[in-house]
Amino acid sequence: MTSRSLVILLFSAWLISASANQANEPAFYTVEGEWGKLQCYDVVIAPPAATLWESLYEERSLWPFEGLSRIEVDELFAELGFSPETIATISNDSSWNKTTAELEVGDRAIEALSPTDRTAIFTWWETQFPGYIDRLVINFEDRNLTAIAKELPREMMDKLQRVIFYRGEVTSTLDRPYLLRQLKTREEKEHLLRTILTTHALIVRLEVDPDSEADSIIKYWEAGGLNPRVRVLIEGLYTTEGVDHLDILHLLPLMPRKYLNNFTVLQDVNPHNTPDCFWTSTQFFNFNTSSRSFDSLPVEHFLDKDYEEISGPLQFGDLVCLFDKDTKEFIHSYTHIAGDLVFTKNGGSFLRPWVISTKAFMLSLYTDNSGLITKIFRRKLGS
Amino acid sequence: MKIAILTGIILSFTIEASHAQAISLSRPLPKSVEHSSSGPWGNLDFYEIKLSSPLSYLSQLAIPSEQTEWNFTQESRAEIVAEMEEAGFSAEEISYLVSEGSLVTVGESLKLFPTSEMISEIPGDLKSRFYSFLGRNPANRFHHRPAYINTTNLTRYFHHSNLPVETLQHIAKLAYKTPSGYGFFLSDIPSLLKQTSNSEEERLLMNAILRVPALMVRINLSEMDSIDELANYWSAGHQNKQVLSLFESIYRNPSVDRLDIGHLLPPIARQNLNRYPEQPDGLNGRYPDWFWTCYNFSRFSPVDVYADTDQSRALMEKAFAPVKAPYTFGDMLLFNSRGRVIHGCIYIADDIVYTKNGPGLLSPFILMRLQDVIAYHDLVGDVTLSQYRRTRQRGALPPAAVAPTPSN
């Protein structure tokens with residue numbers, strides 16, 4: 001075991017069982033193409049404890065049913081396909097607040113739900129109370145929860161596995177309060193929250209490949225003149241003996257350089273909105289960031305004049321938008337980096353950092369049962 | 001001048017300047033990765049690259065005449081002699097440099113037009129002192145702000161500059177020791193222009209001379225034993241705490257053996273690293289100078305404040321406090337010369353600092369060795385450093401009281 005692993009063990013005895021898997025850590029993998037050879041190191045970034053708001057630790061499992069009576073709630077459960085036994089367990093382990101039309105459910109009731117039940121009630125809430133869903137749902141980037149499993153004790157992983165459910169490729173839970181109730185100390189709860197809210201990220205390095213031409217690699221990263229500052233850095237890489245890689249932090253334009261692997265700060269927030277995927281992807285090449293995309297404007301407002309829609313192939317800096325296939329509603333946008341690497345901020349949360357990740361990890365948060373259509377936009381030079 | 005591509009050429013000779021300076025033209029030793037001293041910052045690997053300004057900047061430069069001119073603020077030779085004597089020059093030296101009858105009155109100033117031969121033959125020590133004297137007058141622009149060469153190995157310094165060997169030989173003759181004794185200055189740009197035969201070669205020469213050596217620095221994680229000490233150092237007592245999440249993450253992946261310290265700089269410093277100022281930097285009327293760079297180092301959004309304003313003094317008193325060594329990440333180091341502050345930079349680790357060495361477009365935001373930054377700015381050999389530390393937290397993460405927001 002490495003000295004670094006030992007330090008991790010000191011972090012908390014609670015981590016001991018999780019850290020044992022570290023001997024099997026994968027090394028980097030490479031993504032090669034006209035951009036050069038990129039070494040990618042998987043990391044996960046946990047939100048700082050300071051970003052976890054106080055009430056998060058004391059949340060209760062409150063299920064909203066505004067407009068329904070208690071009897072109608074049971075009827076809804078039946079309509080959603082809950083078994084009679086599950087409905088009975090919920091009934092026995094919950095209390096109904098007539099005033100708020102909320103059902104406060106206990107641990108046994110939560111544990112009684114099957115993944116299918118969870119998906120069904122999520123879908124109902126999503127249509128009825130989207131705000132409730134947005135506040136509570138945690139979507140996981142990895143269906144196997146591999147990174148999380150390294151951090152949590154087996155007992156907690158078992159409980160987490162029990163409360164996840166699936167929507168297409170998306171793996172989610174609504175039972176953050178339930179999980180927190182299983183823990184006693186503030187430190188354990190903080191660790192749980194930070195762990196289940198981790199975001200996959202990559203540390204990416206451009207590797208020196210003596211067989212490749214620096215000029216063609218420079219051309220890729222310059223993105224047709226949109227990112228003109230990279231030449232000297234790549235040339236420096238190729239002309240220095242003993243230097244075998246350059247972190248692509250240096251190859252990014254100013255905005256992603258500033259935000260990469262960081263979390264939202266209050267200076268970037270306005271009363272109505274926070275930086276999200278669209279704010280991020282439309283400002284990739286901007287010298288200064290703007291809060292204009294916080295305003296209630298259609299995406300076309302930003303795309304029509306400053307971008308041209310293209311059919312591909314993708315180049316560094318292209319803005320990719322995902323729309324719902326049926327409703328044409330905007331779902332997500334990101335910036336293409338190279339190969340399957342993307343620069344993204346997944347949602348407007350304070351708890352989600354700006355990262356370079358893989359398209360697969362990112363899409364695992366968005367490819368639910370509704371189909372997506374993809375549109376690619378290229379920033380016009382000088383816009 | 002024939003453009004000779006020096007890349008890969010092995011020059012096996014060494015030229016010693018006529019006045020026995022240590023600057024040399026030897027085989028182009030490959031640049032290599034160097035290692036810092038070990039400390040609370042960990043173990044750092046670094047190498048040097050040369051940053052070239054955008055071509056559009058270079059094309060705006062006024063190429064001077066190849067006739068060197070020395071400008072004097074004094075109104076007569078007698079006044080010049082008096083001031084040079086006061087500056088420590090001997091009668092022989094003054095007579096050699098400012099001979100009777102050599103001065104020309106142009107408008108309201110006195111000028112002297114030395115020959116190329118004379119310029120080449122001034123002994124090194126005398127040249128250092130005399131050019132420092134000339135540099136007091138901004139009209140002597142190449143003496144007032146000479147080019148700085150941070151190595152004795154010219155071939156290495158001008159590697160990939162495409163300058164022909166003859167020009168490098170000439171530079172070896174013309175460069176002189178800095179007053180601080182570390183590195184070399186080069187002021188005789190006009191004389192070098194004699195070796196160019198067209199405007200493109202002139203720009204090539206100017207580009208080569210104006211290139212800025214910058215350090216690329218990485219932290220070597222493979223040899224580290226303690227995350228606590230490392231994280232504590234780079235988070236600067238939580239003033240730079242946004243790096244902790246990444247640090248924690250990197251540390252849990254043992255296959256990440258090195259991390260570019262760009263990741264560990266605060267947002268503005270990271271954003272600007274290895275970047276020349278651009279037009280949008282000056283939208284509010286001025287381009288960033290050293291004070292702007294230092295004051296905004298740990299901020300999330302920059303404030304337009306400059307060294308030569310009353311505001312800078314007030315901000316210094318409000319936001320910084322003097323501290324004593326040892327330096328730590330984020331400390332501001334002020335360079336004092338002749339009773340005033342002439343520059344400031346931010347301490348990073350070991351002997352590496354974050355600096356912007358001038359207020360103009362040709363001065364990028366870079367990492368340099370402190371020794372080099374001192375040598376660059378110490379035009380008279382008297383620079384002393386004072387150390388300040390930010391007293392108030394800047395660019396903080398959102399407090400715990402922030403309202404809940406969607407997690408995805």
# chains A, B, ... in the order shown; residues from 1 in each chain; ligands from 1
$ residues_around --residues "B:Tyr176" --least-positions-apart "6" --cutoff "8 Å" --atoms "only C-alpha atoms" --output "list in words"
Gln21, Gly124, Asp125, Lys127, Ser128, Phe184, Phe185 and Leu186 of chain B
$ interface_residues --of "chain A" --to "chain B" --cutoff "7 Å" --atoms "only C-alpha atoms" --output "ChimeraX atom specification"
/A:3-5,7,25,27-28,41,43-48,50-54,134-135,137-139,232,236,240-243,247,254,257-259,261-262,265-266,346-351
$ closest_residue --among "A:Ser311, A:Ser216, A:Gln128, A:Thr344" --to "A:Pro275" --atoms "only C-alpha atoms"
A:Thr344
